[in-house]
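Quick notes on the structure that follows.
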Amino acid sequence: MQYEISTVNDTVTVKFEGTLSALDLIFMNQDPSYRQALNHNTKLFLDFSQIVGSTLTAEDTTGLALLGKRDAEKATNIHLVILLGYAEAESIGMVLKTIFAGSTWKVTVAETRDEARQALQQ
């Protein structure tokens, strides 16, 4: 898997391509560019729409979301918009919403690029 981090105005965008794995997401979470961008912006857009496959298990998804919740304790009041493009979109969306429910982050799971754009404009 590959990812690209960019920042425009107050939005950090992370675009993913290829096959999604837990190890790649852990490396992304530790990337200094990602860490810095997260601390200086109010919107985080995770674009998984170009993922062609995933080796993530249900346990990986939950563990990675909990790692993200740790970020929510440090970087507050972030609007997290997630564009999912693979079959487990509904279940992953529910896991993420549940985990971030107690944080200051607002979580939007979009099924289309238009839904994601609308959410980022709020």
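Naming works like this for the structure tokens: A, B, ... for the chains as they're shown, residue 1 at the start of each chain, ligands 1 onward in shown order.
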task: Based on DSSP run over this structure's backbone, return all residues of stretch 31-109 of chain A in strand (DSSP E or B), as a VMD selection string.
output: chain A and resid 43 to 54 79 to 83 106 to 109
- request: Identify, on the basis of only C-alpha atoms, every residue whose closest approach to A:Thr19 does not exceed 10 Å; exclude the query and any residue fewer than 4 positions from it along the same chain; express the result as a PyMOL selection string.
  value: chain A and resi 1-2+24+50-56
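Put simply, atom CA of A:Lys69 is 23.1 Å away from atom CA of A:Gln121.
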Go through stretch 3-89 of chain A residue by residue and, counting only C-alpha atoms, keep those with an atom at most 12 Å from stretch 100-119 of chain A; for each kept residue give the shortest atom pair and its distance in Å to one decimal, ordered by chain and increasing number, as a Markdown table.
```
| residue | atom | partner | partner_atom | distance |
| --- | --- | --- | --- | --- |
| A:Thr11 | CA | A:Arg117 | CA | 11.3 |
| A:Thr13 | CA | A:Ala116 | CA | 11.4 |
| A:Thr42 | CA | A:Trp105 | CA | 9.5 |
| A:Lys43 | CA | A:Lys106 | CA | 9.4 |
| A:Leu44 | CA | A:Val107 | CA | 9.6 |
| A:Phe45 | CA | A:Ala116 | CA | 8.2 |
| A:Leu46 | CA | A:Ala116 | CA | 9.6 |
| A:Asp47 | CA | A:Arg113 | CA | 8.9 |
| A:Phe48 | CA | A:Glu111 | CA | 10.3 |
| A:Ser49 | CA | A:Arg113 | CA | 8.4 |
| A:Gln50 | CA | A:Arg113 | CA | 11.4 |
| A:Thr62 | CA | A:Phe100 | CA | 11.3 |
| A:Leu64 | CA | A:Phe100 | CA | 11.9 |
| A:Ala65 | CA | A:Phe100 | CA | 8.2 |
| A:Leu66 | CA | A:Phe100 | CA | 8.5 |
| A:Leu67 | CA | A:Phe100 | CA | 10.7 |
| A:Gly68 | CA | A:Phe100 | CA | 8.5 |
| A:Lys69 | CA | A:Phe100 | CA | 6.1 |
| A:Arg70 | CA | A:Ser103 | CA | 9.6 |
| A:Asp71 | CA | A:Ser103 | CA | 9.9 |
| A:Ala72 | CA | A:Ser103 | CA | 6.3 |
| A:Glu73 | CA | A:Ser103 | CA | 7.1 |
| A:Lys74 | CA | A:Thr104 | CA | 10.2 |
| A:Ala75 | CA | A:Trp105 | CA | 8.8 |
| A:Thr76 | CA | A:Thr104 | CA | 5.7 |
| A:Asn77 | CA | A:Thr104 | CA | 5.0 |
| A:Ile78 | CA | A:Trp105 | CA | 4.8 |
| A:His79 | CA | A:Lys106 | CA | 4.7 |
| A:Leu80 | CA | A:Val107 | CA | 4.8 |
| A:Val81 | CA | A:Thr108 | CA | 4.8 |
| A:Ile82 | CA | A:Val109 | CA | 4.9 |
| A:Leu83 | CA | A:Ala110 | CA | 4.9 |
| A:Leu84 | CA | A:Glu111 | CA | 6.0 |
| A:Gly85 | CA | A:Glu111 | CA | 7.1 |
| A:Tyr86 | CA | A:Glu111 | CA | 9.5 |
| A:Ala87 | CA | A:Glu111 | CA | 10.6 |
| A:Glu88 | CA | A:Glu111 | CA | 11.1 |
| A:Ala89 | CA | A:Glu111 | CA | 7.6 |
```
For the selection just defined, write its residues with C-alpha atoms to a file, as a PDB file, in the first residue's frame.
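Here's the written file part13.pdb:
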```
ATOM      1  CA  THR A  11      -7.818  19.960   5.819  1.00  0.00           C
ATOM      2  CA  THR A  13      -5.922  14.550   3.229  1.00  0.00           C
ATOM      3  CA  THR A  42      -9.180  20.884  12.041  1.00  0.00           C
ATOM      4  CA  LYS A  43     -10.245  18.390   9.347  1.00  0.00           C
ATOM      5  CA  LEU A  44      -8.810  14.983   8.521  1.00  0.00           C
ATOM      6  CA  PHE A  45      -9.912  13.260   5.308  1.00  0.00           C
ATOM      7  CA  LEU A  46      -8.940   9.606   4.945  1.00  0.00           C
ATOM      8  CA  ASP A  47      -9.571   8.536   1.341  1.00  0.00           C
ATOM      9  CA  PHE A  48      -9.641   4.739   1.019  1.00  0.00           C
ATOM     10  CA  SER A  49     -11.502   4.803  -2.317  1.00  0.00           C
ATOM     11  CA  GLN A  50      -8.489   3.605  -4.339  1.00  0.00           C
ATOM     12  CA  THR A  62     -10.503  -2.279  15.991  1.00  0.00           C
ATOM     13  CA  LEU A  64      -6.080   0.690  14.527  1.00  0.00           C
ATOM     14  CA  ALA A  65      -9.192   2.655  15.426  1.00  0.00           C
ATOM     15  CA  LEU A  66      -8.144   2.571  19.083  1.00  0.00           C
ATOM     16  CA  LEU A  67      -4.734   3.895  18.039  1.00  0.00           C
ATOM     17  CA  GLY A  68      -6.586   6.713  16.294  1.00  0.00           C
ATOM     18  CA  LYS A  69      -8.601   7.381  19.431  1.00  0.00           C
ATOM     19  CA  ARG A  70      -5.320   8.022  21.234  1.00  0.00           C
ATOM     20  CA  ASP A  71      -4.736  10.797  18.689  1.00  0.00           C
ATOM     21  CA  ALA A  72      -8.173  12.164  19.551  1.00  0.00           C
ATOM     22  CA  GLU A  73      -7.032  12.682  23.129  1.00  0.00           C
ATOM     23  CA  LYS A  74      -4.114  14.862  21.941  1.00  0.00           C
ATOM     24  CA  ALA A  75      -5.548  16.648  18.890  1.00  0.00           C
ATOM     25  CA  THR A  76      -9.033  17.795  19.818  1.00  0.00           C
ATOM     26  CA  ASN A  77     -12.027  19.015  17.819  1.00  0.00           C
ATOM     27  CA  ILE A  78     -11.081  17.330  14.548  1.00  0.00           C
ATOM     28  CA  HIS A  79     -13.683  16.493  11.919  1.00  0.00           C
ATOM     29  CA  LEU A  80     -12.682  13.066  10.593  1.00  0.00           C
ATOM     30  CA  VAL A  81     -14.172  12.262   7.195  1.00  0.00           C
ATOM     31  CA  ILE A  82     -13.586   8.751   5.892  1.00  0.00           C
ATOM     32  CA  LEU A  83     -14.308   7.713   2.305  1.00  0.00           C
ATOM     33  CA  LEU A  84     -14.438   3.930   2.187  1.00  0.00           C
ATOM     34  CA  GLY A  85     -14.319   2.117  -1.101  1.00  0.00           C
ATOM     35  CA  TYR A  86     -14.418  -1.551  -0.267  1.00  0.00           C
ATOM     36  CA  ALA A  87     -17.021  -4.091   0.840  1.00  0.00           C
ATOM     37  CA  GLU A  88     -16.743  -3.723   4.616  1.00  0.00           C
ATOM     38  CA  ALA A  89     -17.610  -0.015   4.539  1.00  0.00           C
TER      39      ALA A  89
END
```
field: Those of chain A in DSSP helix (DSSP H, G or I), formatted as a PyMOL selection string
entry: chain A and resi 22-30+32-39+58-74+89-100+113-121
- request: Please measure the separation of atom CA of A:Pro32 and atom CA of A:Glu4, giving the value in Å to one decimal.
  value: 12.8 Å
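Interatomic distance, atom CA of A:Leu23 to atom CA of A:Ala58: 14.3 Å.
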